[in-house]
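J.: You'll find target.cif just under this line, and it carries mmCIF, C-alpha atoms.
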```
data_run
loop_
_atom_site.group_PDB
_atom_site.id
_atom_site.type_symbol
_atom_site.label_atom_id
_atom_site.label_comp_id
_atom_site.auth_asym_id
_atom_site.auth_seq_id
_atom_site.Cartn_x
_atom_site.Cartn_y
_atom_site.Cartn_z
ATOM 1 C CA MET A 1 9.782 -116.855 63.526
ATOM 2 C CA ASP A 2 12.369 -114.242 62.557
ATOM 3 C CA GLU A 3 14.712 -115.172 59.756
ATOM 4 C CA PRO A 4 18.254 -113.769 59.687
ATOM 5 C CA LYS A 5 18.017 -110.460 57.861
ATOM 6 C CA HIS A 6 20.542 -110.775 55.017
ATOM 7 C CA HIS A 7 21.854 -114.103 53.755
ATOM 8 C CA ASP A 8 23.309 -112.434 50.701
ATOM 9 C CA PRO A 9 26.424 -110.404 51.623
ATOM 10 C CA VAL A 10 25.857 -108.127 48.604
ATOM 11 C CA GLU A 11 22.371 -107.277 49.798
ATOM 12 C CA ALA A 12 23.671 -106.892 53.361
ATOM 13 C CA ALA A 13 26.301 -104.402 52.151
ATOM 14 C CA LEU A 14 23.712 -102.437 50.184
ATOM 15 C CA GLN A 15 21.458 -102.278 53.230
ATOM 16 C CA SER A 16 24.270 -101.309 55.607
ATOM 17 C CA LEU A 17 23.518 -97.604 55.288
ATOM 18 C CA GLU A 18 20.124 -98.026 56.932
ATOM 19 C CA GLY A 19 19.881 -96.016 60.111
ATOM 20 C CA LEU A 20 23.115 -94.177 59.324
ATOM 21 C CA GLN A 21 23.726 -91.118 61.495
ATOM 22 C CA ARG A 22 25.271 -87.998 60.040
ATOM 23 C CA ALA A 23 28.951 -87.488 60.977
ATOM 24 C CA LYS A 24 29.446 -84.374 63.108
ATOM 25 C CA ALA A 25 31.898 -81.698 62.050
ATOM 26 C CA ASP A 26 34.285 -80.323 64.652
ATOM 27 C CA GLU A 27 33.068 -76.924 65.884
ATOM 28 C CA ALA A 28 36.674 -75.716 66.040
ATOM 29 C CA LEU A 29 36.632 -75.684 62.235
ATOM 30 C CA LEU A 30 34.897 -72.308 62.426
ATOM 31 C CA GLN A 31 38.021 -70.706 63.933
ATOM 32 C CA LYS A 32 40.183 -72.229 61.200
ATOM 33 C CA ILE A 33 37.762 -71.021 58.520
ATOM 34 C CA GLU A 34 37.677 -67.506 59.980
ATOM 35 C CA ALA A 35 41.480 -67.459 60.158
ATOM 36 C CA ARG A 36 41.669 -68.503 56.514
ATOM 37 C CA ILE A 37 39.166 -65.823 55.516
ATOM 38 C CA GLN A 38 41.236 -63.196 57.380
ATOM 39 C CA ALA A 39 44.426 -64.437 55.724
ATOM 40 C CA THR A 40 42.808 -64.357 52.280
ATOM 41 C CA ARG A 41 41.504 -60.850 52.918
ATOM 42 C CA ALA A 42 44.945 -59.650 54.091
ATOM 43 C CA ALA A 43 46.626 -61.234 51.061
ATOM 44 C CA ARG A 44 44.090 -59.576 48.768
ATOM 45 C CA GLN A 45 44.736 -56.172 50.399
ATOM 46 C CA VAL A 46 48.483 -56.607 49.888
ATOM 47 C CA GLN A 47 47.848 -57.552 46.256
ATOM 48 C CA GLN A 48 45.590 -54.545 45.749
ATOM 49 C CA THR A 49 48.226 -52.244 47.253
ATOM 50 C CA GLN A 50 50.866 -53.713 44.956
ATOM 51 C CA VAL A 51 48.612 -53.345 41.918
ATOM 52 C CA ARG A 52 47.824 -49.731 42.872
ATOM 53 C CA ARG A 53 51.537 -48.949 43.326
ATOM 54 C CA LEU A 54 52.394 -50.555 39.988
ATOM 55 C CA THR A 55 49.622 -48.605 38.267
ATOM 56 C CA ARG A 56 50.929 -45.346 39.735
ATOM 57 C CA GLN A 57 54.485 -46.192 38.612
ATOM 58 C CA MET A 58 53.301 -47.014 35.106
ATOM 59 C CA LEU A 59 51.292 -43.799 34.938
ATOM 60 C CA ALA A 60 54.325 -41.760 36.051
ATOM 61 C CA ALA A 61 56.509 -43.517 33.464
ATOM 62 C CA SER A 62 54.036 -42.786 30.678
ATOM 63 C CA VAL A 63 53.776 -39.110 31.669
ATOM 64 C CA LEU A 64 57.569 -38.899 31.659
ATOM 65 C CA MET A 65 57.768 -40.546 28.231
ATOM 66 C CA LEU A 66 55.131 -38.162 26.915
ATOM 67 C CA LEU A 67 57.098 -35.174 28.199
ATOM 68 C CA LEU A 68 60.353 -36.448 26.675
ATOM 69 C CA ASN A 69 58.628 -37.107 23.345
ATOM 70 C CA SER A 70 57.131 -33.642 23.343
ATOM 71 C CA ALA A 71 60.524 -32.093 24.117
ATOM 72 C CA VAL A 72 62.115 -33.970 21.216
ATOM 73 C CA TRP A 73 59.258 -33.020 18.908
ATOM 74 C CA PHE A 74 59.506 -29.306 19.796
ATOM 75 C CA ASN A 75 63.257 -29.424 19.460
ATOM 76 C CA VAL A 76 63.086 -30.959 15.977
ATOM 77 C CA GLY A 77 60.405 -28.486 14.934
ATOM 78 C CA PHE A 78 62.479 -25.554 16.187
ATOM 79 C CA LYS A 79 65.582 -26.778 14.334
ATOM 80 C CA GLN A 80 63.615 -27.246 11.095
ATOM 81 C CA GLN A 81 62.367 -23.682 11.329
ATOM 82 C CA GLU A 82 65.919 -22.452 11.826
ATOM 83 C CA MET A 83 67.097 -24.400 8.785
ATOM 84 C CA GLN A 84 64.283 -22.928 6.706
ATOM 85 C CA LYS A 85 65.332 -19.436 7.744
ATOM 86 C CA VAL A 86 68.965 -20.162 6.817
ATOM 87 C CA GLU A 87 67.855 -21.472 3.406
ATOM 88 C CA GLN A 88 65.665 -18.419 2.774
ATOM 89 C CA PHE A 89 68.571 -16.183 3.709
ATOM 90 C CA SER A 90 70.894 -18.118 1.409
ATOM 91 C CA ARG A 91 68.454 -17.872 -1.541
ATOM 92 C CA LEU A 92 68.016 -14.184 -0.947
ATOM 93 C CA TYR A 93 71.671 -13.260 -0.731
ATOM 94 C CA PHE A 94 73.433 -15.905 -2.795
ATOM 95 C CA THR A 95 70.555 -16.747 -5.218
ATOM 96 C CA SER A 96 71.092 -20.430 -4.507
ATOM 97 C CA PRO A 97 70.099 -22.805 -1.724
ATOM 98 C CA LEU A 98 72.689 -23.394 0.898
ATOM 99 C CA ASN A 99 75.201 -25.953 -0.266
ATOM 100 C CA TYR A 100 76.421 -28.164 2.537
ATOM 101 C CA MET B 1 17.184 -70.026 56.111
ATOM 102 C CA THR B 2 16.550 -70.755 52.492
ATOM 103 C CA LYS B 3 17.296 -67.383 50.973
ATOM 104 C CA ALA B 4 20.837 -66.679 51.824
ATOM 105 C CA LYS B 5 21.328 -63.625 49.681
ATOM 106 C CA ALA B 6 22.162 -62.362 53.063
ATOM 107 C CA HIS B 7 21.094 -59.013 54.300
ATOM 108 C CA ILE B 8 24.655 -58.398 55.328
ATOM 109 C CA HIS B 9 25.481 -54.814 56.073
ATOM 110 C CA SER B 10 28.068 -54.390 58.799
ATOM 111 C CA PRO B 11 31.101 -56.642 59.350
ATOM 112 C CA GLN B 12 29.688 -57.720 62.745
ATOM 113 C CA GLU B 13 26.379 -58.660 61.176
ATOM 114 C CA SER B 14 28.184 -60.433 58.364
ATOM 115 C CA SER B 15 30.276 -62.402 60.839
ATOM 116 C CA SER B 16 27.317 -63.524 62.935
ATOM 117 C CA THR B 17 25.311 -64.450 59.819
ATOM 118 C CA PHE B 18 28.235 -66.480 58.581
ATOM 119 C CA GLN B 19 28.498 -68.250 61.939
ATOM 120 C CA ASP B 20 24.784 -69.062 61.786
ATOM 121 C CA TYR B 21 25.230 -70.550 58.335
ATOM 122 C CA PHE B 22 28.241 -72.521 59.538
ATOM 123 C CA TYR B 23 26.435 -74.049 62.515
ATOM 124 C CA THR B 24 23.346 -74.815 60.414
ATOM 125 C CA HIS B 25 25.129 -76.513 57.526
ATOM 126 C CA LYS B 26 28.485 -77.759 58.855
ATOM 127 C CA ASP B 27 27.361 -81.364 59.457
ATOM 128 C CA ARG B 28 25.754 -81.688 56.028
ATOM 129 C CA VAL B 29 28.885 -80.388 54.315
ATOM 130 C CA PHE B 30 31.236 -82.478 56.456
ATOM 131 C CA ASN B 31 29.195 -85.673 56.126
ATOM 132 C CA THR B 32 28.996 -85.363 52.338
ATOM 133 C CA ALA B 33 32.715 -84.637 52.119
ATOM 134 C CA LEU B 34 33.518 -87.560 54.403
ATOM 135 C CA SER B 35 31.326 -89.970 52.456
ATOM 136 C CA LEU B 36 32.870 -88.978 49.143
ATOM 137 C CA LEU B 37 36.495 -88.696 50.239
ATOM 138 C CA GLN B 38 36.431 -91.434 52.904
ATOM 139 C CA ASN B 39 39.145 -89.667 54.849
ATOM 140 C CA TRP B 40 38.573 -87.648 58.030
ATOM 141 C CA GLU B 41 41.398 -85.086 57.606
ATOM 142 C CA GLU B 42 40.624 -84.449 53.969
ATOM 143 C CA ALA B 43 36.926 -84.069 54.777
ATOM 144 C CA GLU B 44 37.789 -81.441 57.413
ATOM 145 C CA GLU B 45 39.995 -79.590 54.956
ATOM 146 C CA LEU B 46 37.266 -79.742 52.341
ATOM 147 C CA THR B 47 34.698 -78.403 54.814
ATOM 148 C CA GLN B 48 36.979 -75.428 55.391
ATOM 149 C CA ASP B 49 37.436 -74.949 51.643
ATOM 150 C CA VAL B 50 33.670 -75.025 51.100
ATOM 151 C CA PHE B 51 32.890 -72.394 53.741
ATOM 152 C CA VAL B 52 35.757 -70.162 52.630
ATOM 153 C CA ALA B 53 34.539 -70.437 49.015
ATOM 154 C CA ALA B 54 30.959 -69.787 50.106
ATOM 155 C CA TYR B 55 32.031 -66.699 52.077
ATOM 156 C CA GLU B 56 33.970 -65.381 49.083
ATOM 157 C CA ALA B 57 31.123 -66.055 46.653
ATOM 158 C CA ILE B 58 28.173 -65.029 48.827
ATOM 159 C CA GLY B 59 27.833 -61.880 46.735
ATOM 160 C CA SER B 60 27.304 -63.892 43.564
ATOM 161 C CA PHE B 61 24.771 -66.227 45.181
ATOM 162 C CA ARG B 62 21.534 -65.363 43.400
ATOM 163 C CA GLY B 63 19.202 -67.147 45.779
ATOM 164 C CA GLN B 64 17.686 -69.178 42.941
ATOM 165 C CA SER B 65 18.265 -72.361 44.928
ATOM 166 C CA SER B 66 18.410 -72.783 48.682
ATOM 167 C CA MET B 67 21.604 -72.090 50.607
ATOM 168 C CA CYS B 68 21.686 -75.777 51.468
ATOM 169 C CA THR B 69 21.587 -76.870 47.812
ATOM 170 C CA TRP B 70 24.249 -74.322 46.955
ATOM 171 C CA LEU B 71 26.568 -75.605 49.694
ATOM 172 C CA TYR B 72 25.970 -79.220 48.638
ATOM 173 C CA ARG B 73 26.890 -78.247 45.069
ATOM 174 C CA ILE B 74 30.146 -76.604 46.174
ATOM 175 C CA THR B 75 30.949 -79.611 48.392
ATOM 176 C CA VAL B 76 30.324 -82.200 45.668
ATOM 177 C CA ASN B 77 32.315 -80.228 43.080
ATOM 178 C CA LYS B 78 35.250 -79.702 45.409
ATOM 179 C CA ALA B 79 35.221 -83.329 46.576
ATOM 180 C CA LEU B 80 35.206 -84.573 42.990
ATOM 181 C CA ASP B 81 38.110 -82.233 42.197
ATOM 182 C CA ARG B 82 40.065 -83.785 45.062
ATOM 183 C CA ILE B 83 39.242 -87.300 43.919
ATOM 184 C CA LYS B 84 40.408 -86.403 40.398
ATOM 185 C CA ALA B 85 43.609 -84.919 41.837
ATOM 186 C CA ARG B 86 44.207 -88.119 43.823
ATOM 187 C CA LYS B 87 43.738 -90.239 40.724
ATOM 188 C CA ALA B 88 46.000 -87.965 38.697
ATOM 189 C CA GLN B 89 48.657 -88.152 41.402
ATOM 190 C CA LYS B 90 48.417 -91.920 41.397
ATOM 191 C CA ARG B 91 48.759 -92.093 37.635
ATOM 192 C CA SER B 92 51.776 -89.788 37.536
ATOM 193 C CA GLY B 93 55.372 -90.865 37.588
ATOM 194 C CA PHE B 94 56.488 -94.355 36.827
ATOM 195 C CA THR B 95 53.051 -95.929 36.826
ATOM 196 C CA ARG B 96 51.956 -93.503 34.124
ATOM 197 C CA SER B 97 53.953 -95.315 31.507
ATOM 198 C CA LEU B 98 52.507 -98.635 32.643
ATOM 199 C CA CYS B 99 48.970 -97.350 32.527
ATOM 200 C CA ARG B 100 49.369 -95.852 29.074
ATOM 201 C CA GLN B 101 48.179 -99.062 27.453
ATOM 202 C CA THR B 102 44.832 -98.886 29.278
ATOM 203 C CA GLU B 103 44.459 -95.139 29.534
ATOM 204 C CA HIS B 104 40.682 -95.218 29.095
ATOM 205 C CA GLU B 105 40.303 -97.541 32.062
ATOM 206 C CA GLU B 106 39.809 -95.978 35.496
ATOM 207 C CA LYS B 107 42.217 -97.577 37.939
ATOM 208 C CA PRO B 108 40.641 -97.978 41.370
ATOM 209 C CA LEU B 109 42.325 -96.198 44.251
ATOM 210 C CA ASP B 110 43.756 -98.295 47.047
ATOM 211 C CA LEU B 111 41.837 -96.687 49.865
ATOM 212 C CA PRO B 112 42.243 -97.980 53.398
ATOM 213 C CA ASP B 113 39.166 -99.535 55.033
ATOM 214 C CA PHE B 114 36.746 -96.760 55.856
ATOM 215 C CA ILE B 115 34.170 -96.982 58.583
ATOM 216 C CA HIS B 116 31.671 -94.151 58.559
ATOM 217 C CA PRO B 117 31.205 -92.992 62.178
ATOM 218 C CA GLY B 118 27.416 -92.986 61.771
ATOM 219 C CA VAL B 119 27.064 -96.613 60.666
ATOM 220 C CA LEU B 120 25.406 -98.931 63.172
ATOM 221 C CA LEU B 121 27.857 -101.246 64.919
ATOM 222 C CA GLU B 122 26.387 -104.479 63.524
ATOM 223 C CA GLN B 123 26.560 -103.106 59.986
ATOM 224 C CA GLN B 124 30.136 -101.815 60.064
ATOM 225 C CA GLU B 125 31.619 -104.927 58.465
ATOM 226 C CA SER B 126 29.272 -104.764 55.476
ATOM 227 C CA SER B 127 29.621 -101.007 55.146
ATOM 228 C CA ILE B 128 33.399 -101.283 54.635
ATOM 229 C CA ALA B 129 32.796 -103.242 51.424
ATOM 230 C CA LEU B 130 30.054 -100.852 50.375
ATOM 231 C CA PHE B 131 32.246 -97.760 50.809
ATOM 232 C CA LYS B 132 35.055 -99.451 48.843
ATOM 233 C CA ALA B 133 32.561 -100.089 46.055
ATOM 234 C CA ILE B 134 31.189 -96.513 46.236
ATOM 235 C CA ALA B 135 34.736 -95.192 45.719
ATOM 236 C CA ARG B 136 34.916 -97.172 42.473
ATOM 237 C CA LEU B 137 31.721 -95.758 41.000
ATOM 238 C CA PRO B 138 31.888 -93.182 38.205
ATOM 239 C CA GLU B 139 31.863 -89.655 39.663
ATOM 240 C CA ASN B 140 28.280 -88.689 38.821
ATOM 241 C CA GLN B 141 26.881 -91.987 40.132
ATOM 242 C CA GLN B 142 29.018 -91.646 43.253
ATOM 243 C CA SER B 143 27.688 -88.155 44.014
ATOM 244 C CA ALA B 144 24.079 -89.124 43.306
ATOM 245 C CA PHE B 145 24.321 -92.244 45.476
ATOM 246 C CA VAL B 146 25.926 -90.413 48.398
ATOM 247 C CA LEU B 147 23.351 -87.615 48.267
ATOM 248 C CA ALA B 148 20.469 -90.076 48.062
ATOM 249 C CA LYS B 149 21.503 -92.817 50.465
ATOM 250 C CA ILE B 150 23.738 -91.024 52.952
ATOM 251 C CA GLU B 151 22.368 -87.493 52.916
ATOM 252 C CA GLN B 152 18.808 -88.726 52.301
ATOM 253 C CA LEU B 153 18.037 -85.990 49.772
ATOM 254 C CA SER B 154 14.996 -86.271 47.539
ATOM 255 C CA TYR B 155 15.392 -86.766 43.789
ATOM 256 C CA ALA B 156 14.355 -83.148 43.225
ATOM 257 C CA GLU B 157 17.018 -81.900 45.641
ATOM 258 C CA ILE B 158 19.691 -84.098 44.055
ATOM 259 C CA ALA B 159 18.654 -82.813 40.634
ATOM 260 C CA GLN B 160 19.150 -79.242 41.871
ATOM 261 C CA VAL B 161 22.524 -79.996 43.441
ATOM 262 C CA LEU B 162 23.887 -81.818 40.394
ATOM 263 C CA GLU B 163 22.103 -79.472 37.974
ATOM 264 C CA ILE B 164 20.476 -82.327 36.051
ATOM 265 C CA SER B 165 16.869 -83.463 35.513
ATOM 266 C CA ILE B 166 14.961 -85.740 37.902
ATOM 267 C CA PRO B 167 14.815 -88.614 35.364
ATOM 268 C CA ALA B 168 18.608 -88.279 34.993
ATOM 269 C CA VAL B 169 18.942 -88.648 38.780
ATOM 270 C CA GLU B 170 16.756 -91.750 38.745
ATOM 271 C CA SER B 171 18.820 -93.219 35.927
ATOM 272 C CA LEU B 172 22.080 -92.435 37.755
ATOM 273 C CA LEU B 173 20.826 -94.136 40.903
ATOM 274 C CA VAL B 174 19.638 -97.248 39.053
ATOM 275 C CA ARG B 175 23.000 -97.525 37.287
ATOM 276 C CA ALA B 176 24.866 -96.859 40.546
ATOM 277 C CA ARG B 177 22.971 -99.665 42.281
ATOM 278 C CA GLN B 178 23.638 -102.077 39.419
ATOM 279 C CA LYS B 179 27.323 -101.201 39.383
ATOM 280 C CA LEU B 180 27.554 -101.514 43.171
ATOM 281 C CA ARG B 181 25.933 -104.928 43.065
ATOM 282 C CA GLU B 182 28.448 -106.003 40.429
ATOM 283 C CA LEU B 183 31.416 -104.585 42.361
ATOM 284 C CA LEU B 184 30.293 -106.112 45.643
ATOM 285 C CA LYS B 185 29.753 -109.481 44.003
ATOM 286 C CA ASN B 186 33.309 -109.405 42.638
ATOM 287 C CA PHE B 187 34.575 -108.231 46.002
ATOM 288 C CA TYR B 188 32.963 -111.141 47.903
ATOM 289 C CA GLU B 189 33.915 -113.696 45.277
ATOM 290 C CA ASN B 190 37.588 -112.667 45.344
ATOM 291 C CA ASP B 191 37.665 -112.383 49.117
#
```
Please rewrite the model in this file as structure tokens.

T.:
Amino acid sequence: MDEPKHHDPVEAALQSLEGLQRAKADEALLQKIEARIQATRAARQVQQTQVRRLTRQMLAASVLMLLLNSAVWFNVGFKQQEMQKVEQFSRLYFTSPLNY
Amino acid sequence: MTKAKAHIHSPQESSSTFQDYFYTHKDRVFNTALSLLQNWEEAEELTQDVFVAAYEAIGSFRGQSSMCTWLYRITVNKALDRIKARKAQKRSGFTRSLCRQTEHEEKPLDLPDFIHPGVLLEQQESSIALFKAIARLPENQQSAFVLAKIEQLSYAEIAQVLEISIPAVESLLVRARQKLRELLKNFYEND
């Protein structure tokens, strides 16, 4: 004679997963996933373009700064040479350094 | 389809390989997500997240474990992240100050009754209580129990997914069962 399977509700709950079937995922999820992958890829391309543009701008700015620095450096060097010449001239002709 | 370090060359080939992977593993991923999150919409979102993450990371997949194990690992990690986020959201705001006294205690989430679509009709009533109790298990016990009892994975497979040893899996499952028994007993006594 068959006895009722689970008198104890705790045991019945623990056994309730017996014969459980796997839940089926909606096949339309694939389209959503592919759309998300496309969107991520597009966003990454935009980001890469922005990063590339920013890198180019920074490179141009550093080249410009280098040029300006060089110009200032040459200018200062040129002026120092001129001053040296004036001092030499002053020593030669007035036997004293130039008095400002 | 164990070694998924896919021989992907052209975009077309990559797309069809990805579709194959999706159709092969979608139910496993979705069922695990559904069992852990106990919410249909969130499980669908998580399934999307898992496949997007897998697509992004396919290059770094070393093929040391099977594709299936790898996807299970991503699913469990992402599901646990969502559960943590839910708990954090619940704790935030006004209730946060109230909970401060018992910060170490995990407050159970008030989940609506969940009926897994694969549960046999005559067992649905009992399964509601069981799923409520599963949601109150500590995270590692929850994942191990779901993988063992719902996904029917072997101890070795669970060990690979959770990156722990087989004895650790056994211990987790014993503790999960003890805790579930305790929770269910309280549930039926208070009911």

J.: How many Å separate CA of Ser165 in chain B from CA of Ala54 in chain B?

T.: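 Calculated distance between CA of Ser165 in chain B and CA of Ala54 in chain B is 24.5 Å.
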
J.: Applied to the shown file, which residues does the PyMOL selection byres ((chain A) within 9 of (chain B)) return, written as a ChimeraX atom specification?

T.: /A:9-27,29-30,32-34,36-37

J.: Report, in Å to a single decimal, how far apart CA of Thr49 in chain A and CA of Val63 in chain A are.

T.: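 The value is 21.1 Å.
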
J.: Using all atoms listed in the file, find the one residue out of B:Cys68, B:Leu172, B:Val146, B:Ala57 that sits nearest to Gln38 in chain B.

T.: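 For Gln38 in chain B, the nearest of the given residues is B:Val146.
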
J.: Output as JSON the centre and edge lengths (Å, one decimal) of the box along x, y and z of the file that holds every listed atom of range 21-40 of chain B after adding 4 Å on each side.

T.:
```
{"center_x": 31.2, "center_y": -81.0, "center_z": 55.8, "size_x": 23.8, "size_y": 28.9, "size_z": 21.4}
```
